[in-house]
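Next up, entry11.cif (mmCIF, C-alpha atoms):
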```
data_start
#
loop_
_atom_site.label_atom_id
_atom_site.label_comp_id
_atom_site.auth_asym_id
_atom_site.auth_seq_id
_atom_site.Cartn_x
_atom_site.Cartn_y
_atom_site.Cartn_z
CA MET A 1 121.91 85.59 69.21
CA LYS A 2 122.63 88.18 71.90
CA LYS A 3 120.20 88.41 74.80
CA VAL A 4 119.00 91.42 76.78
CA ASP A 5 121.13 91.89 79.90
CA VAL A 6 119.49 93.51 82.89
CA VAL A 7 120.76 95.77 85.67
CA LEU A 8 118.58 95.98 88.78
CA GLY A 9 118.65 97.36 92.30
CA LEU A 10 118.22 94.59 94.88
CA GLN A 11 117.26 96.70 97.90
CA TRP A 12 114.90 99.69 98.37
CA GLY A 13 116.42 101.75 95.55
CA ASP A 14 119.35 104.19 95.72
CA GLU A 15 121.87 101.36 95.27
CA GLY A 16 123.98 103.26 92.74
CA LYS A 17 122.52 101.93 89.47
CA GLY A 18 123.38 105.10 87.50
CA LYS A 19 127.10 104.70 88.08
CA VAL A 20 127.03 100.97 87.29
CA VAL A 21 125.12 101.47 84.05
CA ASP A 22 127.67 104.11 83.13
CA VAL A 23 130.49 101.61 83.80
CA LEU A 24 128.71 98.83 81.87
CA THR A 25 127.43 100.87 78.89
CA PRO A 26 130.65 100.72 76.82
CA ASN A 27 129.68 97.05 76.22
CA TYR A 28 126.16 97.92 75.00
CA THR A 29 124.77 99.82 72.03
CA VAL A 30 121.28 100.18 73.52
CA VAL A 31 120.23 101.16 77.06
CA ALA A 32 116.49 100.90 77.77
CA ARG A 33 114.39 101.91 80.77
CA PHE A 34 111.51 99.46 81.31
CA GLN A 35 109.51 100.72 84.34
CA GLY A 36 109.00 103.51 86.85
CA GLY A 37 108.82 107.24 86.31
CA PRO A 38 110.60 110.45 87.24
CA ASN A 39 110.97 109.24 90.86
CA ALA A 40 114.19 107.57 89.70
CA GLY A 41 117.37 109.51 90.44
CA HIS A 42 120.33 107.88 88.72
CA SER A 43 123.46 109.88 89.60
CA LEU A 44 126.36 109.91 87.15
CA HIS A 45 129.74 111.45 88.03
CA PHE A 46 132.57 111.85 85.56
CA GLY A 47 135.37 114.38 85.57
CA ASP A 48 134.07 117.47 87.33
CA LYS A 49 130.48 116.96 86.18
CA SER A 50 127.50 115.37 87.91
CA PHE A 51 124.09 114.58 86.43
CA VAL A 52 120.93 113.13 87.94
CA LEU A 53 118.84 111.26 85.38
CA ARG A 54 115.17 110.72 86.20
CA THR A 55 113.62 109.30 83.03
CA VAL A 56 116.42 109.29 80.44
CA PRO A 57 118.40 106.01 80.31
CA SER A 58 121.95 106.24 81.70
CA GLY A 59 123.59 105.48 78.33
CA ILE A 60 122.74 108.92 76.94
CA PHE A 61 126.28 110.35 77.44
CA ARG A 62 128.00 107.47 75.60
CA ASP A 63 128.97 108.06 71.96
CA GLY A 64 126.97 106.00 69.49
CA SER A 65 124.46 104.76 72.06
CA VAL A 66 120.72 104.35 71.50
CA ASN A 67 118.49 105.06 74.51
CA ILE A 68 114.90 103.82 74.75
CA ILE A 69 112.12 104.80 77.14
CA GLY A 70 110.07 101.60 77.11
CA ASN A 71 106.32 101.05 77.28
CA GLY A 72 106.47 100.18 80.99
CA VAL A 73 107.69 103.67 81.93
CA VAL A 74 105.34 106.54 82.88
CA VAL A 75 106.60 109.91 81.63
CA ASP A 76 106.10 113.46 82.87
CA PRO A 77 106.57 115.71 79.79
CA VAL A 78 107.68 118.65 81.99
CA SER A 79 110.35 116.68 83.84
CA LEU A 80 111.58 114.88 80.69
CA THR A 81 111.79 118.11 78.65
CA GLU A 82 113.81 119.84 81.37
CA GLU A 83 116.14 116.84 81.63
CA LEU A 84 116.69 116.60 77.86
CA ARG A 85 117.36 120.33 77.50
CA ASN A 86 120.00 120.13 80.26
CA ILE A 87 121.68 117.20 78.49
CA ALA A 88 121.48 118.94 75.09
CA GLU A 89 123.33 121.93 76.61
CA GLN A 90 126.33 119.59 77.04
CA GLY A 91 126.44 119.12 73.26
CA ILE A 92 124.70 115.70 73.32
CA PRO A 93 122.47 115.18 70.23
CA VAL A 94 119.47 113.99 72.29
CA LYS A 95 117.01 113.84 69.37
CA GLU A 96 119.24 111.34 67.57
CA LYS A 97 119.94 109.25 70.66
CA LEU A 98 116.61 108.97 72.53
CA PHE A 99 113.51 107.08 71.38
CA ILE A 100 110.19 106.96 73.24
CA SER A 101 107.78 104.01 73.12
CA LYS A 102 104.36 104.97 71.72
CA LYS A 103 102.89 102.75 74.44
CA ALA A 104 104.55 104.61 77.36
CA HIS A 105 101.89 106.32 79.49
CA ILE A 106 101.88 110.07 80.15
CA ILE A 107 101.65 111.70 83.59
CA LEU A 108 99.08 114.54 83.50
CA PRO A 109 99.20 117.64 85.75
CA THR A 110 96.05 116.33 87.48
CA HIS A 111 97.79 112.99 88.18
CA ARG A 112 100.21 114.94 90.37
CA MET A 113 97.29 116.58 92.19
CA LEU A 114 95.61 113.20 92.75
CA ASP A 115 98.87 111.89 94.18
CA ALA A 116 99.13 114.81 96.63
CA ALA A 117 95.45 114.63 97.63
CA SER A 118 95.56 110.87 98.22
CA GLU A 119 98.77 111.04 100.27
CA ALA A 120 97.44 113.94 102.38
CA ALA A 121 94.23 112.03 103.07
CA LYS A 122 96.18 109.03 104.38
CA GLY A 123 97.59 111.10 107.26
CA LYS A 124 99.86 108.99 109.45
CA SER A 125 99.49 105.89 107.28
CA LYS A 126 100.95 107.60 104.20
CA ILE A 127 103.31 105.49 102.11
CA GLY A 128 105.94 108.17 101.40
CA SER A 129 105.06 108.86 97.77
CA THR A 130 107.35 111.23 95.84
CA LEU A 131 104.13 113.04 94.74
CA LYS A 132 105.11 112.97 91.07
CA GLY A 133 101.81 111.48 89.89
CA ILE A 134 103.29 108.06 89.16
CA GLY A 135 100.81 105.93 91.18
CA PRO A 136 97.69 107.62 89.73
CA THR A 137 99.13 107.26 86.19
CA TYR A 138 99.64 103.50 86.65
CA MET A 139 96.10 103.33 88.10
CA ASP A 140 94.75 104.96 84.93
CA LYS A 141 96.84 102.51 82.89
CA THR A 142 95.35 99.44 84.59
CA GLY A 143 91.93 101.13 84.69
CA ARG A 144 92.20 101.54 80.89
CA ASN A 145 91.80 105.31 80.96
CA GLY A 146 95.38 106.44 80.34
CA LEU A 147 96.95 108.60 77.65
CA ARG A 148 99.99 107.22 75.81
CA PHE A 149 102.63 108.84 73.62
CA GLY A 150 101.02 107.40 70.50
CA ASP A 151 97.91 109.46 71.37
CA VAL A 152 99.92 112.71 71.19
CA LEU A 153 99.99 112.34 67.39
CA ALA A 154 96.18 111.92 67.12
CA PRO A 155 94.22 114.94 65.78
CA ASN A 156 91.86 114.79 68.78
CA PHE A 157 94.64 114.59 71.42
CA VAL A 158 93.53 117.77 73.23
CA ASP A 159 89.96 116.42 73.48
CA ARG A 160 91.26 113.17 74.95
CA TYR A 161 93.39 115.15 77.38
CA ASN A 162 90.45 117.31 78.49
CA LYS A 163 88.22 114.27 78.95
CA LEU A 164 90.72 112.59 81.30
CA LYS A 165 91.44 115.88 83.06
CA SER A 166 87.73 116.42 83.85
CA LYS A 167 87.50 112.84 85.16
CA HIS A 168 90.39 113.67 87.52
CA GLU A 169 88.77 116.95 88.58
CA GLU A 170 85.65 115.04 89.56
CA MET A 171 87.79 112.67 91.66
CA LEU A 172 89.64 115.60 93.27
CA SER A 173 86.34 117.19 94.30
CA GLN A 174 85.85 114.21 96.67
CA TYR A 175 88.85 115.34 98.78
CA ALA A 176 87.33 117.87 101.19
CA GLY A 177 89.41 121.01 101.60
CA PHE A 178 92.04 120.05 99.02
CA GLU A 179 92.83 123.10 96.89
CA TYR A 180 94.87 123.13 93.70
CA ASP A 181 95.46 125.07 90.50
CA VAL A 182 97.14 123.44 87.49
CA THR A 183 96.81 126.40 85.08
CA GLU A 184 100.49 127.42 85.04
CA TYR A 185 101.81 123.86 85.20
CA GLU A 186 99.45 122.85 82.38
CA LYS A 187 100.98 125.49 80.08
CA THR A 188 104.48 124.12 80.74
CA TRP A 189 103.09 120.59 80.27
CA MET A 190 101.67 121.43 76.83
CA GLU A 191 105.00 123.05 75.87
CA GLY A 192 106.72 119.83 76.97
CA ILE A 193 104.40 117.78 74.75
CA GLU A 194 105.28 120.04 71.77
CA TYR A 195 109.02 119.70 72.47
CA LEU A 196 108.80 115.90 72.75
CA LYS A 197 106.99 115.70 69.38
CA GLY A 198 110.44 116.44 67.93
CA PHE A 199 111.61 112.99 69.11
CA ARG A 200 111.01 109.61 67.48
CA PHE A 201 108.04 107.74 68.97
CA ILE A 202 108.58 104.04 68.25
CA ASP A 203 106.86 100.67 68.51
CA SER A 204 109.54 99.67 70.99
CA GLU A 205 108.61 95.98 71.19
CA HIS A 206 109.16 95.59 67.42
CA GLU A 207 112.36 97.63 67.42
CA VAL A 208 113.87 95.90 70.47
CA ASN A 209 113.13 92.42 69.11
CA GLU A 210 114.57 93.39 65.73
CA MET A 211 117.73 94.56 67.51
CA ILE A 212 117.92 91.22 69.34
CA LYS A 213 117.73 89.43 65.96
CA GLN A 214 120.51 91.68 64.63
CA ASP A 215 122.75 90.74 67.61
CA VAL A 216 122.74 94.28 69.03
CA ALA A 217 123.89 94.43 72.66
CA ILE A 218 121.02 95.73 74.85
CA LEU A 219 121.05 96.63 78.54
CA ALA A 220 117.71 97.01 80.36
CA GLU A 221 118.00 99.53 83.19
CA GLY A 222 115.75 99.20 86.24
CA ALA A 223 114.65 102.03 88.52
CA GLN A 224 113.96 101.84 92.28
CA GLY A 225 114.78 98.43 93.83
CA SER A 226 113.39 94.89 94.02
CA LEU A 227 112.05 95.37 97.57
CA LEU A 228 109.82 98.16 96.20
CA ASP A 229 108.20 95.85 93.60
CA VAL A 230 104.40 96.15 93.64
CA ASP A 231 104.06 92.32 93.90
CA PHE A 232 107.17 91.21 95.79
CA GLY A 233 108.18 94.26 97.80
CA THR A 234 107.20 95.39 101.32
CA TYR A 235 103.58 96.07 100.31
CA PRO A 236 101.86 98.57 100.62
CA PHE A 237 105.09 100.59 101.04
CA VAL A 238 106.13 99.94 97.44
CA THR A 239 106.22 101.64 94.06
CA SER A 240 103.50 101.13 91.42
CA SER A 241 105.46 99.01 88.94
CA ASN A 242 107.30 95.68 88.69
CA THR A 243 110.88 96.54 89.55
CA VAL A 244 112.03 92.89 89.41
CA CYS A 245 113.56 91.23 86.36
CA ALA A 246 110.16 90.05 85.08
CA GLY A 247 109.29 93.73 84.55
CA VAL A 248 111.74 93.79 81.62
CA CYS A 249 109.53 91.38 79.67
CA THR A 250 106.35 93.41 80.13
CA GLY A 251 108.09 96.82 80.11
CA LEU A 252 109.97 96.30 76.82
CA GLY A 253 108.02 93.50 75.13
CA VAL A 254 110.69 90.80 75.18
CA ALA A 255 110.17 87.12 75.92
CA PRO A 256 111.62 85.54 79.12
CA THR A 257 113.87 83.38 76.91
CA LYS A 258 115.56 86.55 75.63
CA ILE A 259 116.90 87.59 79.07
CA GLY A 260 120.66 87.12 79.48
CA ASP A 261 122.82 88.21 82.40
CA VAL A 262 121.09 89.81 85.39
CA TYR A 263 123.36 92.23 87.27
CA GLY A 264 122.04 92.74 90.78
CA ILE A 265 123.27 95.87 92.56
CA PHE A 266 123.37 96.24 96.34
CA LYS A 267 125.04 98.54 98.83
CA ALA A 268 127.48 97.04 101.34
CA TYR A 269 124.89 98.22 103.89
CA CYS A 270 121.17 99.10 103.55
CA THR A 271 119.20 102.33 103.08
CA ARG A 272 115.57 103.24 102.63
CA VAL A 273 113.76 106.50 101.84
CA GLY A 274 110.27 107.27 103.11
CA SER A 275 107.95 105.01 105.10
CA GLY A 276 107.88 101.24 105.31
CA PRO A 277 109.52 98.32 107.09
CA PHE A 278 113.32 98.17 107.38
CA PRO A 279 114.42 95.27 109.64
CA THR A 280 118.09 96.29 110.05
CA GLU A 281 117.54 100.05 110.46
CA LEU A 282 119.91 101.69 112.96
CA PHE A 283 118.74 104.53 115.20
CA ASP A 284 122.14 105.06 116.87
CA GLU A 285 125.45 106.77 116.08
CA VAL A 286 126.36 103.96 113.65
CA GLY A 287 123.28 104.77 111.55
CA GLU A 288 124.21 108.47 111.69
CA GLU A 289 127.78 107.68 110.62
CA LEU A 290 126.59 105.60 107.64
CA ARG A 291 124.35 108.49 106.56
CA ARG A 292 127.07 111.09 106.97
CA ILE A 293 129.94 109.19 105.34
CA GLY A 294 127.73 107.74 102.59
CA HIS A 295 126.06 111.12 101.84
CA GLU A 296 122.74 109.33 102.15
CA PHE A 297 120.35 111.96 100.89
CA GLY A 298 117.99 111.46 97.92
CA ALA A 299 119.46 112.37 94.49
CA VAL A 300 116.16 113.95 93.41
CA THR A 301 114.36 114.83 96.66
CA GLY A 302 117.28 115.52 99.04
CA ARG A 303 115.44 113.50 101.71
CA PRO A 304 117.71 111.90 104.34
CA ARG A 305 117.81 108.13 103.88
CA ARG A 306 117.29 105.71 106.73
CA CYS A 307 120.42 103.56 107.18
CA GLY A 308 121.21 100.11 108.58
CA TRP A 309 123.32 96.97 108.26
CA LEU A 310 123.21 94.68 105.24
CA ASP A 311 120.12 92.44 105.29
CA LEU A 312 121.09 89.12 103.71
CA VAL A 313 117.62 87.60 104.20
CA ALA A 314 116.16 90.33 101.98
CA LEU A 315 119.12 90.21 99.58
CA LYS A 316 118.82 86.44 99.04
CA TYR A 317 115.09 86.90 98.41
CA ALA A 318 115.77 89.54 95.72
CA VAL A 319 118.49 87.36 94.14
CA MET A 320 115.99 84.47 93.94
CA VAL A 321 113.08 86.47 92.49
CA ASP A 322 115.31 88.26 89.95
CA GLY A 323 117.43 85.29 88.88
CA VAL A 324 120.60 87.33 89.49
CA THR A 325 123.70 85.94 87.74
CA GLN A 326 126.26 88.56 88.90
CA LEU A 327 126.33 90.74 92.01
CA ILE A 328 127.68 94.29 92.15
CA MET A 329 128.59 95.74 95.54
CA MET A 330 128.45 99.51 95.96
CA LYS A 331 129.75 101.97 98.57
CA SER A 332 132.09 99.48 100.24
CA ASP A 333 134.37 102.39 101.21
CA VAL A 334 131.67 103.93 103.46
CA MET A 335 132.47 101.27 106.07
CA ASN A 336 136.26 101.90 106.09
CA ASP A 337 136.37 103.02 109.74
CA PHE A 338 134.03 100.63 111.54
CA GLU A 339 135.44 98.33 114.25
CA THR A 340 132.68 95.76 113.76
CA ILE A 341 130.40 95.16 110.79
CA LYS A 342 127.14 93.25 111.12
CA VAL A 343 125.04 91.33 108.62
CA ALA A 344 121.49 90.07 109.26
CA THR A 345 121.42 86.37 108.36
CA ALA A 346 117.99 85.49 109.84
CA TYR A 347 114.99 87.07 111.57
CA LYS A 348 113.43 86.25 114.92
CA ILE A 349 109.65 86.51 114.58
CA GLY A 350 107.52 85.70 117.62
CA GLY A 351 110.33 83.68 119.21
CA GLU A 352 110.90 81.63 116.02
CA VAL A 353 114.05 82.04 113.88
CA VAL A 354 113.31 82.21 110.15
CA ASP A 355 115.73 82.60 107.26
CA HIS A 356 113.22 83.55 104.55
CA PHE A 357 111.66 86.91 103.74
CA PRO A 358 108.17 86.89 105.33
CA TYR A 359 104.76 87.84 103.89
CA GLU A 360 104.71 90.86 106.17
CA VAL A 361 107.57 92.54 107.99
CA THR A 362 106.07 93.28 111.43
CA ASP A 363 107.25 95.41 114.35
CA ASP A 364 108.13 92.38 116.49
CA LEU A 365 110.67 91.16 113.90
CA GLU A 366 114.22 91.11 115.24
CA PRO A 367 117.26 90.66 112.97
CA VAL A 368 119.74 87.92 113.89
CA TYR A 369 123.25 89.24 113.16
CA THR A 370 126.55 87.68 112.16
CA GLU A 371 129.49 89.94 113.11
CA PHE A 372 132.71 90.62 111.21
CA PRO A 373 135.81 92.58 112.21
CA GLY A 374 136.02 95.78 110.13
CA TRP A 375 138.94 96.40 107.72
CA LYS A 376 139.80 99.72 109.41
CA CYS A 377 141.66 101.21 106.43
CA ASP A 378 140.95 103.28 103.32
CA ILE A 379 140.14 101.01 100.36
CA CYS A 380 139.34 103.87 97.91
CA LYS A 381 142.69 103.58 96.09
CA VAL A 382 142.55 99.78 95.67
CA ARG A 383 142.23 98.76 91.99
CA ARG A 384 142.71 94.93 92.17
CA TYR A 385 140.72 92.48 94.28
CA GLU A 386 143.95 90.81 95.45
CA ASP A 387 145.02 94.09 97.10
CA PHE A 388 142.01 94.39 99.41
CA PRO A 389 142.59 93.68 103.13
CA GLN A 390 141.67 90.13 104.18
CA GLU A 391 138.82 91.38 106.43
CA PHE A 392 137.16 93.00 103.42
CA LYS A 393 137.62 89.88 101.29
CA ASN A 394 136.06 87.79 104.09
CA TYR A 395 132.99 90.04 103.97
CA VAL A 396 132.66 89.76 100.18
CA GLU A 397 133.18 86.00 100.15
CA PHE A 398 130.62 85.48 102.93
CA ILE A 399 128.01 87.30 100.81
CA GLU A 400 128.93 85.14 97.79
CA ALA A 401 128.63 81.92 99.83
CA GLU A 402 125.24 82.95 101.27
CA THR A 403 123.69 84.10 97.98
CA GLY A 404 125.36 81.54 95.72
CA VAL A 405 126.19 84.33 93.23
CA PRO A 406 129.63 85.84 92.51
CA VAL A 407 130.35 89.49 93.38
CA LYS A 408 131.77 90.56 90.01
CA ILE A 409 132.08 94.31 90.49
CA ILE A 410 133.05 96.26 93.62
CA SER A 411 132.73 100.04 93.86
CA VAL A 412 134.99 101.96 96.26
CA GLY A 413 133.95 105.54 95.40
CA PRO A 414 131.60 107.63 93.23
CA ASP A 415 133.92 108.03 90.23
CA ARG A 416 133.91 105.80 87.16
CA GLU A 417 137.57 104.88 87.89
CA GLU A 418 136.83 103.71 91.45
CA THR A 419 135.43 100.42 90.22
CA ILE A 420 137.05 96.98 90.47
CA VAL A 421 135.88 94.36 87.96
CA ARG A 422 136.86 90.85 89.03
#
```
In C-alpha cells, what does this structure look like?
Amino acid sequence: MKKVDVVLGLQWGDEGKGKVVDVLTPNYTVVARFQGGPNAGHSLHFGDKSFVLRTVPSGIFRDGSVNIIGNGVVVDPVSLTEELRNIAEQGIPVKEKLFISKKAHIILPTHRMLDAASEAAKGKSKIGSTLKGIGPTYMDKTGRNGLRFGDVLAPNFVDRYNKLKSKHEEMLSQYAGFEYDVTEYEKTWMEGIEYLKGFRFIDSEHEVNEMIKQDVAILAEGAQGSLLDVDFGTYPFVTSSNTVCAGVCTGLGVAPTKIGDVYGIFKAYCTRVGSGPFPTELFDEVGEELRRIGHEFGAVTGRPRRCGWLDLVALKYAVMVDGVTQLIMMKSDVMNDFETIKVATAYKIGGEVVDHFPYEVTDDLEPVYTEFPGWKCDICKVRRYEDFPQEFKNYVEFIEAETGVPVKIISVGPDREETIVR
C-alpha cells in the first residue's frame, strides 16, 4: 500500500516549496494542501510563465492530476476564485481537477477586519500578520463558531453567515477608532461563494483514505515553514496552524502510520518575513547581497525578507520534529560569489553554549559559527552532483553529517530544469 508523502518547509517559509512540488508532482496523482490559508505564496516558473499559488495545490498544472484543498486549510472565497479564474484562462480544466473539503473553514470579510484591528491594536508588539483574516478564522474554528464549505450548501447559509458577521461586528466595536466598511468586499465574497459552488465539495478524509487503499500516489503540500508552527515555532511570532508533518494527519484525516517519505526543504541560507526572532540575521552588506542576489521579496506581499546564514540548530530541530527522510536544498546558486560562508552550529545563551533550539529565542542569544571557504564560481549550469566544485560538496556533506539526513535534491536556479536529483 502506498503512503502519503509530505513536502514541508523547514525554516520560516519561503523555502521554494512551489518549485519542488512542481518537480516532484510527475510522480504523484494527487497533491493536497493540509493547512494554512492564502498567506502561502508558492511560485512556479516554467517556460516564460510564472504563477503564484496561494490556496490551490501546486499540482494543478500537471495533466491528469487531482488537487485537494484539505479540511485543515482556511479559504478566502475571493482570493481562491481569482486564483482559479487566472488558472482557467491558461486552458486548465480547474473544475475537473480541484476538490474542496467540506470541512475546510471559510474566511469571512469580517475576519479580515478583525485581523487588521487586532494587529493595529498591538502597536509595536505586532506579530507581522499578512492581514488576510487567517488567525481570526482559526480562532473561530477552535471556538466552534466557524463556517465550513459544507455549510454553503445548507438552505440557511445566509442566516448562518449573518449571525457570525454580527458577532464579529460586536467584537470590532471594542476597537476604539477602528473604521471599516465591508459592503463592496462582501458582494465580491458572495460572488466567490457562488462560483465555488460549481466545484466538487468532498468528504476529503474518506476520499483520501480510499485513494490510499487503491495505491494512488499522494503528495501532501505544506505552506509556511516548520519554525512558524503554532506549537513548535518561535511563538508568538508564528502562524495559526500546525505546519509540521503532524499537521498532515489532522489536516487531511490520515493516520500517522500512513505517512511515507517526508521531504524537508531548506534554503542554503536563511530568510524571514515580518517580526520575530532570527538568530543568524545579517544587518551588513552580506545580508544585503543575499537579498539582492536571491530576489528575497515576498511572492504575495512583495515585502523584503530578512536574510542571514544557515542556522543548523534550527534546521536540526525541524528535521527532528518533522521526521524528515530526505532533504532538499534550494537557492544554492545565490552564494556563488561569497569568499566565506558561515553556518550556525550552536548558540551562546548567557555565556553557555547550547546546541538545541531553546524554548525562547532571546536578544542575548549569539550564534556560534563554523566557517567554510566559498566555491566562488557559477554552479547554475551544473546538472550532476559529481560536477560541483569540492567546496560546494563539502558544504552539502557537512549539512548531511549534522542532520543525519541525505540531501537528495539540490536547486541551482528558479527553473524546473535547474534541479539536480542525486
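Candidate residues A:Lys376, A:Lys316, A:Lys408, A:Lys95 were compared for distance to Asp261 (chain A), and the nearest is A:Lys408, using all atoms listed in the file.
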If you take only C-alpha atoms and a cut-off of 9 Å, which residues of region 191-274 of chain A touch region 310-313 of chain A, and what are their nearest atom pairs and distances in Å to one decimal, in chain and number order, as a Markdown table?
```
| residue | atom | partner | partner_atom | distance |
| --- | --- | --- | --- | --- |
| A:Lys267 | CA | A:Leu310 | CA | 7.7 |
| A:Ala268 | CA | A:Leu310 | CA | 6.2 |
| A:Tyr269 | CA | A:Leu310 | CA | 4.1 |
| A:Cys270 | CA | A:Leu310 | CA | 5.2 |
| A:Thr271 | CA | A:Leu310 | CA | 8.9 |
```
*Just so the selection is clear, what residues does the PyMOL selection byres ((chain A and resi 12-18) around 6) cover here, as a PyMOL selection string?*
chain A and resi 9+11+19-21+42-44+224-225+227-228+266-267+272
Expected file contents, prior selection, C-alpha atoms, as an mmCIF file, in the coordinates of the input:
```cif
data_model
loop_
_atom_site.group_PDB
_atom_site.id
_atom_site.type_symbol
_atom_site.label_atom_id
_atom_site.label_comp_id
_atom_site.auth_asym_id
_atom_site.auth_seq_id
_atom_site.Cartn_x
_atom_site.Cartn_y
_atom_site.Cartn_z
ATOM 1 C CA GLY A 9 118.650 97.360 92.300
ATOM 2 C CA GLN A 11 117.260 96.700 97.900
ATOM 3 C CA LYS A 19 127.100 104.700 88.080
ATOM 4 C CA VAL A 20 127.030 100.970 87.290
ATOM 5 C CA VAL A 21 125.120 101.470 84.050
ATOM 6 C CA HIS A 42 120.330 107.880 88.720
ATOM 7 C CA SER A 43 123.460 109.880 89.600
ATOM 8 C CA LEU A 44 126.360 109.910 87.150
ATOM 9 C CA GLN A 224 113.960 101.840 92.280
ATOM 10 C CA GLY A 225 114.780 98.430 93.830
ATOM 11 C CA LEU A 227 112.050 95.370 97.570
ATOM 12 C CA LEU A 228 109.820 98.160 96.200
ATOM 13 C CA PHE A 266 123.370 96.240 96.340
ATOM 14 C CA LYS A 267 125.040 98.540 98.830
ATOM 15 C CA ARG A 272 115.570 103.240 102.630
#
```
*Protein/DNA/RNA residues near (134.1, 104.8, 87.4), cut 9 Å, all atoms listed in the file, as an NGL selection string*: :A and (19-20 or 22-23 or 45-46 or 411 or 413-420)
For the structure provided, state which residues fall under the PyMOL selection byres ((chain A and resi 102) around 12), and present them as an mmCIF file with C-alpha atoms, in the coordinates of the input.
```cif
data_model
loop_
_atom_site.group_PDB
_atom_site.id
_atom_site.type_symbol
_atom_site.label_atom_id
_atom_site.label_comp_id
_atom_site.auth_asym_id
_atom_site.auth_seq_id
_atom_site.Cartn_x
_atom_site.Cartn_y
_atom_site.Cartn_z
ATOM 1 C CA ILE A 68 114.900 103.820 74.750
ATOM 2 C CA ILE A 69 112.120 104.800 77.140
ATOM 3 C CA GLY A 70 110.070 101.600 77.110
ATOM 4 C CA ASN A 71 106.320 101.050 77.280
ATOM 5 C CA GLY A 72 106.470 100.180 80.990
ATOM 6 C CA VAL A 73 107.690 103.670 81.930
ATOM 7 C CA VAL A 74 105.340 106.540 82.880
ATOM 8 C CA VAL A 75 106.600 109.910 81.630
ATOM 9 C CA PHE A 99 113.510 107.080 71.380
ATOM 10 C CA ILE A 100 110.190 106.960 73.240
ATOM 11 C CA SER A 101 107.780 104.010 73.120
ATOM 12 C CA LYS A 103 102.890 102.750 74.440
ATOM 13 C CA ALA A 104 104.550 104.610 77.360
ATOM 14 C CA HIS A 105 101.890 106.320 79.490
ATOM 15 C CA ILE A 106 101.880 110.070 80.150
ATOM 16 C CA LEU A 147 96.950 108.600 77.650
ATOM 17 C CA ARG A 148 99.990 107.220 75.810
ATOM 18 C CA PHE A 149 102.630 108.840 73.620
ATOM 19 C CA GLY A 150 101.020 107.400 70.500
ATOM 20 C CA ASP A 151 97.910 109.460 71.370
ATOM 21 C CA VAL A 152 99.920 112.710 71.190
ATOM 22 C CA LEU A 153 99.990 112.340 67.390
ATOM 23 C CA ALA A 154 96.180 111.920 67.120
ATOM 24 C CA LEU A 196 108.800 115.900 72.750
ATOM 25 C CA LYS A 197 106.990 115.700 69.380
ATOM 26 C CA PHE A 199 111.610 112.990 69.110
ATOM 27 C CA ARG A 200 111.010 109.610 67.480
ATOM 28 C CA PHE A 201 108.040 107.740 68.970
ATOM 29 C CA ILE A 202 108.580 104.040 68.250
ATOM 30 C CA ASP A 203 106.860 100.670 68.510
ATOM 31 C CA SER A 204 109.540 99.670 70.990
ATOM 32 C CA GLU A 205 108.610 95.980 71.190
ATOM 33 C CA HIS A 206 109.160 95.590 67.420
ATOM 34 C CA GLU A 207 112.360 97.630 67.420
ATOM 35 C CA LEU A 252 109.970 96.300 76.820
#
```
_Expected selection from the PyMOL selection byres ((chain A and resi 398) around 12), given as an MDAnalysis selection string_ = chainID A and resid 312 342:343 345 370:372 391:397 399:407
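With distances taken over all atoms listed in the file, A:Cys307 is the one residue among A:Cys307, A:Val31, A:Met113, A:Ile134 lying closest to Phe283 (chain A).
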_Interatomic distance, CA of Val353 (chain A) to CA of Leu365 (chain A) (Å, one decimal)_ =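 Atom-to-atom, CA of Val353 (chain A) to CA of Leu365 (chain A), that is 9.7 Å.
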Name all residues at most 12 Å from Arg85 (chain A) (count all atoms listed in the file; drop same-chain ones fewer than 4 positions away) and give them as a PDB file with C-alpha atoms, keeping the file's coordinate frame.
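Result went into result-v5.pdb, see below:
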```
ATOM      1  CA  VAL A  56     116.420 109.290  80.440  1.00  0.00           C
ATOM      2  CA  PRO A  77     106.570 115.710  79.790  1.00  0.00           C
ATOM      3  CA  VAL A  78     107.680 118.650  81.990  1.00  0.00           C
ATOM      4  CA  SER A  79     110.350 116.680  83.840  1.00  0.00           C
ATOM      5  CA  LEU A  80     111.580 114.880  80.690  1.00  0.00           C
ATOM      6  CA  THR A  81     111.790 118.110  78.650  1.00  0.00           C
ATOM      7  CA  GLU A  89     123.330 121.930  76.610  1.00  0.00           C
ATOM      8  CA  GLN A  90     126.330 119.590  77.040  1.00  0.00           C
ATOM      9  CA  GLY A  91     126.440 119.120  73.260  1.00  0.00           C
ATOM     10  CA  ILE A  92     124.700 115.700  73.320  1.00  0.00           C
ATOM     11  CA  PRO A  93     122.470 115.180  70.230  1.00  0.00           C
ATOM     12  CA  VAL A  94     119.470 113.990  72.290  1.00  0.00           C
ATOM     13  CA  LYS A  95     117.010 113.840  69.370  1.00  0.00           C
ATOM     14  CA  GLY A 192     106.720 119.830  76.970  1.00  0.00           C
ATOM     15  CA  TYR A 195     109.020 119.700  72.470  1.00  0.00           C
ATOM     16  CA  LEU A 196     108.800 115.900  72.750  1.00  0.00           C
TER      17      LEU A 196
END
```
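Minimum atom-to-atom distance to Met320 (chain A), evaluated using all atoms listed in the file, belongs to A:Gly264 out of A:Pro304, A:Gly264, A:Gly351, A:Pro279.
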*So what do you get for CA of Thr280 (chain A) versus CA of Ala344 (chain A), distance-wise?*
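Atom-to-atom, CA of Thr280 (chain A) to CA of Ala344 (chain A), that is 7.1 Å.
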